[in-house]
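Visitor: Input file: data15.cif. Contents: mmCIF, C-alpha atoms.
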```cif
data_structure
#
loop_
_atom_site.group_PDB
_atom_site.id
_atom_site.type_symbol
_atom_site.label_atom_id
_atom_site.label_comp_id
_atom_site.auth_asym_id
_atom_site.auth_seq_id
_atom_site.Cartn_x
_atom_site.Cartn_y
_atom_site.Cartn_z
ATOM 1 C CA MET A 1 88.096 55.590 30.608
ATOM 2 C CA ALA A 2 84.463 54.669 29.890
ATOM 3 C CA VAL A 3 83.552 51.021 30.517
ATOM 4 C CA ASP A 4 80.393 49.449 29.114
ATOM 5 C CA MET A 5 78.978 47.052 31.741
ATOM 6 C CA ARG A 6 75.912 44.881 31.149
ATOM 7 C CA LEU A 7 74.346 42.909 34.002
ATOM 8 C CA PRO A 8 72.088 39.869 33.469
ATOM 9 C CA SER A 9 68.395 40.421 34.134
ATOM 10 C CA ALA A 10 65.315 38.216 34.083
ATOM 11 C CA ARG A 11 63.325 38.577 30.882
ATOM 12 C CA GLU A 12 59.887 37.319 29.988
ATOM 13 C CA ARG A 13 59.817 34.452 27.527
ATOM 14 C CA ALA A 14 57.930 34.868 24.287
ATOM 15 C CA ALA A 15 54.408 33.466 24.251
ATOM 16 C CA ASP A 16 54.080 29.865 23.145
ATOM 17 C CA SER A 17 51.702 30.970 20.424
ATOM 18 C CA LEU A 18 54.607 32.705 18.696
ATOM 19 C CA SER A 19 56.467 29.437 18.174
ATOM 20 C CA ALA A 20 56.141 28.662 14.489
ATOM 21 C CA ALA A 21 57.691 25.223 14.801
ATOM 22 C CA GLU A 22 54.936 23.648 16.925
ATOM 23 C CA GLY A 23 52.913 22.247 14.057
ATOM 24 C CA ARG A 24 55.912 21.167 11.993
ATOM 25 C CA HIS A 25 57.375 17.692 11.698
ATOM 26 C CA LEU A 26 61.114 18.210 12.205
ATOM 27 C CA VAL A 27 63.553 15.335 11.734
ATOM 28 C CA ALA A 28 67.276 14.687 12.122
ATOM 29 C CA PRO A 29 69.423 12.438 9.888
ATOM 30 C CA GLY A 30 68.547 8.794 10.564
ATOM 31 C CA ASP A 31 65.052 9.486 11.931
ATOM 32 C CA VAL A 32 62.325 7.193 10.598
ATOM 33 C CA ILE A 33 59.663 9.275 8.850
ATOM 34 C CA THR A 34 57.198 6.467 8.117
ATOM 35 C CA THR A 35 57.047 2.700 7.824
ATOM 36 C CA ASP A 36 54.177 2.834 5.315
ATOM 37 C CA THR A 37 55.459 1.462 1.989
ATOM 38 C CA GLY A 38 52.778 3.330 0.036
ATOM 39 C CA PHE A 39 54.726 6.599 0.001
ATOM 40 C CA MET A 40 57.249 7.685 -2.641
ATOM 41 C CA ARG A 41 60.773 8.717 -1.683
ATOM 42 C CA GLY A 42 61.643 12.386 -2.326
ATOM 43 C CA HIS A 43 64.646 14.639 -1.782
ATOM 44 C CA GLY A 44 66.366 14.273 1.594
ATOM 45 C CA THR A 45 65.121 10.719 2.236
ATOM 46 C CA TYR A 46 66.245 7.133 1.643
ATOM 47 C CA MET A 47 64.845 3.636 2.193
ATOM 48 C CA ASP A 48 66.330 1.583 5.044
ATOM 49 C CA GLU A 49 64.817 -1.870 5.614
ATOM 50 C CA GLU A 50 61.515 -0.737 4.079
ATOM 51 C CA LYS A 51 61.437 2.339 6.317
ATOM 52 C CA LEU A 52 61.494 5.838 4.860
ATOM 53 C CA THR A 53 64.368 7.591 6.663
ATOM 54 C CA ALA A 54 65.596 11.193 6.667
ATOM 55 C CA SER A 55 69.084 11.876 5.275
ATOM 56 C CA VAL A 56 69.182 15.567 6.280
ATOM 57 C CA ALA A 57 67.957 17.658 9.221
ATOM 58 C CA GLY A 58 64.868 19.629 8.283
ATOM 59 C CA GLU A 59 61.105 19.823 7.916
ATOM 60 C CA VAL A 60 59.063 16.981 6.432
ATOM 61 C CA GLU A 61 56.914 18.052 3.489
ATOM 62 C CA ARG A 62 54.253 15.832 1.953
ATOM 63 C CA VAL A 63 52.593 16.297 -1.435
ATOM 64 C CA ASN A 64 50.007 13.546 -1.986
ATOM 65 C CA LYS A 65 52.113 10.346 -1.814
ATOM 66 C CA LEU A 66 55.499 12.070 -2.170
ATOM 67 C CA ILE A 67 57.505 12.744 1.005
ATOM 68 C CA CYS A 68 60.626 14.924 1.064
ATOM 69 C CA VAL A 69 62.656 16.736 3.718
ATOM 70 C CA ARG A 70 63.425 20.441 3.234
ATOM 71 C CA PRO A 71 66.777 21.196 4.922
ATOM 72 C CA LEU A 72 66.803 23.974 7.516
ATOM 73 C CA LYS A 73 70.277 25.103 6.424
ATOM 74 C CA THR A 74 71.505 24.523 2.906
ATOM 75 C CA ARG A 75 73.071 26.083 -0.138
ATOM 76 C CA PHE A 76 70.739 27.979 -2.458
ATOM 77 C CA ASN A 77 68.796 25.704 -4.818
ATOM 78 C CA GLY A 78 67.490 28.087 -7.454
ATOM 79 C CA GLU A 79 64.211 27.834 -9.337
ATOM 80 C CA VAL A 80 63.050 29.640 -12.476
ATOM 81 C CA GLY A 81 61.857 33.143 -11.571
ATOM 82 C CA ASP A 82 63.948 33.538 -8.400
ATOM 83 C CA VAL A 83 65.477 36.971 -7.809
ATOM 84 C CA VAL A 84 69.168 36.739 -6.888
ATOM 85 C CA VAL A 85 71.963 39.103 -5.927
ATOM 86 C CA GLY A 86 75.398 37.921 -7.067
ATOM 87 C CA ARG A 87 78.997 38.934 -7.662
ATOM 88 C CA ILE A 88 80.827 38.630 -10.990
ATOM 89 C CA THR A 89 83.788 36.279 -10.517
ATOM 90 C CA GLU A 90 84.995 35.758 -14.093
ATOM 91 C CA VAL A 91 84.524 37.141 -17.612
ATOM 92 C CA GLN A 92 84.482 34.359 -20.205
ATOM 93 C CA GLN A 93 83.621 34.033 -23.886
ATOM 94 C CA LYS A 94 80.114 35.477 -24.354
ATOM 95 C CA ARG A 95 79.278 34.948 -20.667
ATOM 96 C CA TRP A 96 79.985 36.028 -17.110
ATOM 97 C CA LYS A 97 80.411 33.677 -14.145
ATOM 98 C CA VAL A 98 78.401 34.823 -11.111
ATOM 99 C CA GLU A 99 78.738 33.706 -7.479
ATOM 100 C CA THR A 100 75.188 33.317 -6.120
ATOM 101 C CA ASN A 101 75.656 31.259 -2.924
ATOM 102 C CA SER A 102 74.721 28.040 -4.755
ATOM 103 C CA ARG A 103 76.757 24.858 -5.182
ATOM 104 C CA LEU A 104 77.959 25.898 -8.653
ATOM 105 C CA ASP A 105 78.717 29.294 -10.157
ATOM 106 C CA SER A 106 75.806 30.740 -12.118
ATOM 107 C CA VAL A 107 76.063 31.873 -15.743
ATOM 108 C CA LEU A 108 74.978 35.218 -17.210
ATOM 109 C CA LEU A 109 75.078 35.054 -21.009
ATOM 110 C CA LEU A 110 75.915 38.115 -23.099
ATOM 111 C CA SER A 111 72.655 37.536 -24.992
ATOM 112 C CA ALA A 112 70.701 37.687 -21.691
ATOM 113 C CA VAL A 113 71.579 41.286 -20.768
ATOM 114 C CA ASN A 114 70.216 44.620 -21.939
ATOM 115 C CA LEU A 115 72.461 46.613 -24.251
ATOM 116 C CA PRO A 116 72.969 50.295 -23.318
ATOM 117 C CA GLY A 117 70.073 52.266 -24.756
ATOM 118 C CA GLY A 118 67.869 49.178 -24.737
ATOM 119 C CA GLU A 119 68.463 48.445 -28.432
ATOM 120 C CA LEU A 120 67.388 45.007 -29.619
ATOM 121 C CA ARG A 121 69.874 43.328 -31.959
ATOM 122 C CA ARG A 122 72.156 40.319 -32.243
ATOM 123 C CA ARG A 123 75.319 40.502 -30.156
ATOM 124 C CA SER A 124 78.390 41.081 -32.329
ATOM 125 C CA ALA A 125 82.108 40.466 -31.854
ATOM 126 C CA GLU A 126 82.433 44.126 -30.855
ATOM 127 C CA ASP A 127 79.992 43.572 -27.982
ATOM 128 C CA GLU A 128 82.051 40.585 -26.881
ATOM 129 C CA LEU A 129 85.217 42.690 -26.781
ATOM 130 C CA THR A 130 83.537 45.377 -24.662
ATOM 131 C CA MET A 131 82.004 42.991 -22.089
ATOM 132 C CA ARG A 132 84.144 44.459 -19.302
ATOM 133 C CA ASP A 133 82.648 47.894 -20.022
ATOM 134 C CA TYR A 134 79.302 46.452 -18.916
ATOM 135 C CA LEU A 135 80.326 44.160 -16.048
ATOM 136 C CA GLN A 136 83.730 43.202 -14.691
ATOM 137 C CA GLU A 137 85.127 41.033 -11.904
ATOM 138 C CA GLY A 138 83.911 42.116 -8.469
ATOM 139 C CA ASP A 139 80.754 43.905 -9.665
ATOM 140 C CA LEU A 140 77.533 43.160 -7.804
ATOM 141 C CA ILE A 141 74.391 42.542 -9.862
ATOM 142 C CA SER A 142 70.734 41.744 -9.339
ATOM 143 C CA ALA A 143 69.256 39.220 -11.770
ATOM 144 C CA GLU A 144 66.516 36.650 -12.275
ATOM 145 C CA VAL A 145 66.913 32.905 -12.778
ATOM 146 C CA GLN A 146 66.007 32.142 -16.399
ATOM 147 C CA SER A 147 66.650 28.389 -16.411
ATOM 148 C CA VAL A 148 68.405 25.610 -14.520
ATOM 149 C CA PHE A 149 71.010 23.432 -16.253
ATOM 150 C CA ALA A 150 71.059 19.646 -15.834
ATOM 151 C CA ASP A 151 73.968 19.830 -13.348
ATOM 152 C CA GLY A 152 72.080 22.320 -11.151
ATOM 153 C CA ALA A 153 73.896 25.476 -12.330
ATOM 154 C CA LEU A 154 71.688 28.523 -12.878
ATOM 155 C CA SER A 155 71.322 30.602 -16.030
ATOM 156 C CA LEU A 156 70.522 34.246 -15.212
ATOM 157 C CA HIS A 157 69.133 37.202 -17.149
ATOM 158 C CA THR A 158 68.924 40.968 -16.560
ATOM 159 C CA ARG A 159 66.544 41.905 -19.378
ATOM 160 C CA SER A 160 64.446 44.213 -17.177
ATOM 161 C CA LEU A 161 65.546 47.702 -16.092
ATOM 162 C CA LYS A 162 64.980 46.770 -12.444
ATOM 163 C CA TYR A 163 67.880 44.308 -12.750
ATOM 164 C CA GLY A 164 71.482 45.122 -13.554
ATOM 165 C CA LYS A 165 74.612 46.461 -11.879
ATOM 166 C CA LEU A 166 74.318 47.575 -8.256
ATOM 167 C CA GLY A 167 75.874 50.821 -7.054
ATOM 168 C CA GLN A 168 76.465 52.108 -3.522
ATOM 169 C CA GLY A 169 75.018 50.090 -0.682
ATOM 170 C CA VAL A 170 75.589 47.311 1.831
ATOM 171 C CA LEU A 171 75.510 43.554 1.167
ATOM 172 C CA VAL A 172 74.238 41.314 3.984
ATOM 173 C CA GLN A 173 74.436 37.511 3.776
ATOM 174 C CA VAL A 174 71.768 35.429 5.537
ATOM 175 C CA SER A 175 70.472 31.876 5.186
ATOM 176 C CA PRO A 176 68.454 31.414 1.947
ATOM 177 C CA SER A 177 65.770 29.525 3.905
ATOM 178 C CA LEU A 178 64.952 32.714 5.878
ATOM 179 C CA VAL A 179 64.015 34.817 2.819
ATOM 180 C CA LYS A 180 60.259 34.678 2.283
ATOM 181 C CA ARG A 181 59.114 34.116 -1.301
ATOM 182 C CA GLN A 182 56.960 37.026 -2.512
ATOM 183 C CA LYS A 183 55.635 38.488 -5.743
ATOM 184 C CA THR A 184 58.301 41.191 -5.611
ATOM 185 C CA HIS A 185 61.644 41.240 -3.821
ATOM 186 C CA PHE A 186 62.375 44.921 -4.528
ATOM 187 C CA HIS A 187 61.049 47.150 -1.743
ATOM 188 C CA ASN A 188 61.242 50.903 -1.141
ATOM 189 C CA LEU A 189 60.847 51.086 2.632
ATOM 190 C CA THR A 190 59.119 54.042 4.310
ATOM 191 C CA CYS A 191 62.176 54.607 6.511
ATOM 192 C CA GLY A 192 64.069 56.082 3.562
ATOM 193 C CA ALA A 193 66.056 53.164 2.138
ATOM 194 C CA SER A 194 65.445 50.377 -0.365
ATOM 195 C CA VAL A 195 66.155 46.655 -0.140
ATOM 196 C CA ILE A 196 66.557 43.768 -2.577
ATOM 197 C CA LEU A 197 65.812 40.483 -0.798
ATOM 198 C CA GLY A 198 67.594 37.905 -2.938
ATOM 199 C CA ASN A 199 66.195 34.377 -2.773
ATOM 200 C CA ASN A 200 69.806 33.181 -2.524
ATOM 201 C CA GLY A 201 70.309 34.800 0.903
ATOM 202 C CA TYR A 202 72.144 37.905 -0.357
ATOM 203 C CA VAL A 203 70.313 41.074 0.748
ATOM 204 C CA TRP A 204 71.249 44.443 -0.763
ATOM 205 C CA LEU A 205 70.508 47.658 1.166
ATOM 206 C CA TYR A 206 70.878 50.967 -0.674
ATOM 207 C CA PRO A 207 69.586 54.571 -0.640
ATOM 208 C CA THR A 208 66.262 54.951 -2.429
ATOM 209 C CA PRO A 209 67.229 56.177 -5.933
ATOM 210 C CA GLY A 210 65.670 59.106 -7.782
ATOM 211 C CA GLN A 211 64.944 58.951 -11.511
ATOM 212 C CA GLN A 212 66.945 56.190 -13.208
ATOM 213 C CA ASP A 213 68.598 56.944 -16.538
ATOM 214 C CA GLU A 214 67.017 54.419 -18.905
ATOM 215 C CA GLU A 215 69.594 55.181 -21.604
ATOM 216 C CA MET A 216 72.216 53.298 -19.588
ATOM 217 C CA GLY A 217 70.204 50.046 -19.689
ATOM 218 C CA GLY A 218 70.769 49.132 -16.028
ATOM 219 C CA TYR A 219 74.545 49.738 -15.948
ATOM 220 C CA TYR A 220 74.564 53.244 -14.465
ATOM 221 C CA THR A 221 75.743 53.480 -10.850
ATOM 222 C CA SER A 222 75.584 56.785 -9.010
ATOM 223 C CA LEU A 223 78.831 57.750 -7.279
ATOM 224 C CA GLU A 224 77.419 60.836 -5.541
ATOM 225 C CA PRO A 225 78.179 61.019 -1.785
ATOM 226 C CA VAL A 226 75.514 59.342 0.365
ATOM 227 C CA SER A 227 74.132 61.605 3.096
ATOM 228 C CA LEU A 228 74.766 60.844 6.763
ATOM 229 C CA MET A 229 71.044 60.280 7.378
ATOM 230 C CA ASP A 230 70.861 57.625 4.619
ATOM 231 C CA ARG A 231 73.992 55.906 5.937
ATOM 232 C CA GLU A 232 72.512 55.739 9.446
ATOM 233 C CA VAL A 233 69.238 54.272 8.124
ATOM 234 C CA ILE A 234 71.124 51.627 6.096
ATOM 235 C CA SER A 235 73.354 50.769 9.083
ATOM 236 C CA ARG A 236 70.307 50.336 11.332
ATOM 237 C CA LEU A 237 68.563 48.143 8.733
ATOM 238 C CA ARG A 238 71.713 46.047 8.379
ATOM 239 C CA ASN A 239 71.850 45.387 12.143
ATOM 240 C CA CYS A 240 68.098 44.635 12.171
ATOM 241 C CA LEU A 241 68.633 42.070 9.392
ATOM 242 C CA LEU A 242 71.396 40.359 11.392
ATOM 243 C CA ALA A 243 69.209 40.356 14.536
ATOM 244 C CA LEU A 244 66.238 38.785 12.713
ATOM 245 C CA SER A 245 68.546 36.251 11.043
ATOM 246 C CA ALA A 246 70.138 35.264 14.368
ATOM 247 C CA HIS A 247 66.673 34.533 15.820
ATOM 248 C CA LYS A 248 65.490 32.695 12.664
ATOM 249 C CA VAL A 249 62.685 35.129 11.788
ATOM 250 C CA LEU A 250 61.417 35.110 8.178
ATOM 251 C CA LEU A 251 62.779 38.105 6.264
ATOM 252 C CA TYR A 252 60.397 40.213 4.191
ATOM 253 C CA ASP A 253 59.521 43.900 3.979
ATOM 254 C CA THR A 254 57.021 43.915 6.888
ATOM 255 C CA SER A 255 59.235 42.046 9.376
ATOM 256 C CA LEU A 256 62.221 44.253 8.486
ATOM 257 C CA LEU A 257 60.179 47.453 8.895
ATOM 258 C CA TYR A 258 58.702 46.326 12.244
ATOM 259 C CA CYS A 259 62.180 45.469 13.507
ATOM 260 C CA TYR A 260 63.482 48.852 12.341
ATOM 261 C CA GLU A 261 60.705 50.673 14.216
ATOM 262 C CA ALA A 262 61.308 48.594 17.350
ATOM 263 C CA SER A 263 65.011 49.517 17.287
ATOM 264 C CA LEU A 264 64.535 53.297 17.086
ATOM 265 C CA CYS A 265 64.800 53.690 20.865
ATOM 266 C CA HIS A 266 68.301 52.160 20.797
ATOM 267 C CA GLN A 267 71.552 53.350 19.298
ATOM 268 C CA ILE A 268 72.656 51.600 16.099
ATOM 269 C CA LYS A 269 75.718 50.044 17.742
ATOM 270 C CA ASP A 270 73.598 48.598 20.592
ATOM 271 C CA ILE A 271 71.195 46.642 18.357
ATOM 272 C CA LEU A 272 73.514 43.598 18.163
ATOM 273 C CA LYS A 273 73.929 43.321 21.953
ATOM 274 C CA PRO A 274 72.234 40.018 22.940
ATOM 275 C CA GLU A 275 69.704 41.487 25.385
ATOM 276 C CA VAL A 276 68.735 44.366 23.064
ATOM 277 C CA MET A 277 68.531 42.001 20.104
ATOM 278 C CA GLU A 278 66.184 39.660 21.977
ATOM 279 C CA GLN A 279 63.946 42.527 23.076
ATOM 280 C CA ILE A 280 63.677 43.972 19.558
ATOM 281 C CA VAL A 281 63.018 40.591 17.922
ATOM 282 C CA MET A 282 60.403 39.669 20.563
ATOM 283 C CA GLU A 283 58.544 42.929 19.904
ATOM 284 C CA THR A 284 58.754 42.301 16.146
ATOM 285 C CA ARG A 285 57.365 38.776 16.516
ATOM 286 C CA GLN A 286 54.512 40.079 18.677
ATOM 287 C CA ARG A 287 53.529 42.679 16.063
ATOM 288 C CA LEU A 288 53.684 40.089 13.266
ATOM 289 C CA ALA A 289 51.531 37.684 15.313
ATOM 290 C CA ASN A 290 48.976 40.441 16.002
ATOM 291 C CA GLN A 291 48.875 41.324 12.305
ATOM 292 C CA GLU A 292 48.296 37.704 11.253
ATOM 293 C CA GLY A 293 45.868 37.036 14.098
#
```
Please, can you express the file's structure as structure tokens?

Guide:
Amino acid sequence: MAVDMRLPSARERAADSLSAAEGRHLVAPGDVITTDTGFMRGHGTYMDEEKLTASVAGEVERVNKLICVRPLKTRFNGEVGDVVVGRITEVQQKRWKVETNSRLDSVLLLSAVNLPGGELRRRSAEDELTMRDYLQEGDLISAEVQSVFADGALSLHTRSLKYGKLGQGVLVQVSPSLVKRQKTHFHNLTCGASVILGNNGYVWLYPTPGQQDEEMGGYYTSLEPVSLMDREVISRLRNCLLALSAHKVLLYDTSLLYCYEASLCHQIKDILKPEVMEQIVMETRQRLANQEG
């Protein structure tokens, strides 16, 4: 019987220059941020005996005279324009409820989706009766935040063909604070797979599609068998995502691709072993530092 044995070995520590937290002001709950009464109190802070004190653990951010604390680990707080990946949890009257890793379920209105064929018209009672033909409970979708309600719930829309129902792929959940905000969160990677980096911490990995059928209006999902090569690439990317997330590295297309390339000398199943994970992430950080430097 084969036994997998791993012995501890001394490893070099990453260079101090790679530590991104050196220049940051990190606080824990109860820490005094400032005693200057000239500053305004923002999110994550409270006044205690004329001292501005942190109420959450995170990084202090200052905009002019406003001081707030951005939590290091929190539920997703959506903003207008954020790209999200979510799961339909309920079909209601003229709307779908979507789970998007936020405090409240998000809402996708029937009037905020494309009709099949892309026709522009008012939604009728017939459309309302056929809502489950478009999206039903359990379906995964990609969408954009259209507005934020007063209670913090998000209103979504899928009016572009790049949004809509997701087909075959792998969903990976990471912390929303690790997803880097970019102009686009849809990436076709050179390794042969595509990724949607949702601002809400849900990352969708899927085979790079061919020509999309625009007549379906974003509801078509290919059920053709996925080749072994594509499945291996997606599995490797999934393990790379978990490795980067475990070491708190910002997730975006470049960091994911560098991590993928660093992992090619290891088997897919070995990537999540602690010593292999540390080696791959250290090499990724070094390449990112060299690129920025």

Visitor: Please indicate the distance in Å from atom CA of Lys73 of chain A to atom CA of Gly169 of chain A, rounded to one decimal place.

Guide: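 Taking atom CA of Lys73 of chain A as the start and atom CA of Gly169 of chain A as the end point, the length is 26.4 Å.
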
Visitor: Can you check which parts of segment 11-86 of chain A lie within 7 Å of segment 95-118 of chain A? Per residue, the shortest pair of atoms and distance in Å to one decimal, counting all atoms listed in the file, sorted by chain and number, as a tab-separated table.

Guide:
```
residue	atom	partner	partner_atom	distance
A:Arg75	CA	A:Ser102	CA	5.3
A:Phe76	CA	A:Ser102	CA	4.6
A:Asn77	CA	A:Ser102	CA	6.4
A:Val84	CA	A:Thr100	CA	7.0
A:Val85	CA	A:Thr100	CA	6.6
A:Gly86	CA	A:Thr100	CA	4.7
```

Visitor: Taking (67.7, 40.7, -4.2) in the file's own coordinates, collect the residues within 9 Å, counting all atoms listed in the file, and hand them back as a ChimeraX atom specification.

Guide: /A:83-86,141-143,185-186,195-204

Visitor: A:Gly138, A:Lys248, A:Leu256, A:Leu154: which is nearest Ala193 of chain A, counting only C-alpha atoms?

Guide: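 Using only C-alpha atoms, Ala193 of chain A sits closest to A:Leu256.
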
Visitor: Which is closer to Leu66 of chain A than all the others in A:Leu178, A:Leu264, A:Met40, A:Leu272, using all atoms listed in the file?

Guide: A:Met40

Visitor: Using all atoms listed in the file, which of the listed residues (A:Met229, A:Ala150, A:Ile67, A:Leu205) sits closest to Gly38 of chain A?

Guide: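 Closest to Gly38 of chain A of all the choices is A:Ile67.
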
Visitor: To test the calculation: enclose all listed atoms of segment 25-38 of chain A in a box whose edges run along x, y and z, add 8 Å on each side, then state centre and edge lengths in Å to one decimal, as lines of an AutoDock Vina configuration file.

Guide:
```
center_x = 61.1
center_y = 9.8
center_z = 6.1
size_x = 32.6
size_y = 32.7
size_z = 28.2
```

Visitor: Which residues are near Phe39 of chain A? Cut-off 12 Å, all atoms listed in the file, ignore same chain within fewer than 6 positions. Put them as a list in words.

Guide: Ile33, Thr45, Tyr46, Met47, Glu50, Lys51, Leu52, Thr53, Arg62, Val63, Asn64, Lys65, Leu66, Ile67 and Cys68 of chain A

Visitor: Can you tell me how far atom CA of Gly167 of chain A sits from atom CA of Asp139 of chain A, in Å to one decimal?

Guide: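 Separation between atom CA of Gly167 of chain A and atom CA of Asp139 of chain A: 8.9 Å.
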
Visitor: Quick one, how far is atom CA of Gly44 of chain A from atom CA of Thr184 of chain A?

Guide: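 Taking atom CA of Gly44 of chain A and atom CA of Thr184 of chain A, their separation equals 29.0 Å.
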
Visitor: Would you mind telling me which residue in A:Val69, A:Cys265, A:Val3, A:Val281 lies nearest to Asp31 of chain A when using all atoms listed in the file?

Guide: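 Once distances to Asp31 of chain A are computed over all atoms listed in the file, the minimum belongs to A:Val69.
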
Visitor: Which of these residues is nearest to Pro209 of chain A, using only C-alpha atoms: A:Arg236, A:Lys162, A:Arg123, A:His157?

Guide: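 Comparing A:Arg236, A:Lys162, A:Arg123, A:His157 against Pro209 of chain A, the winner is A:Lys162.
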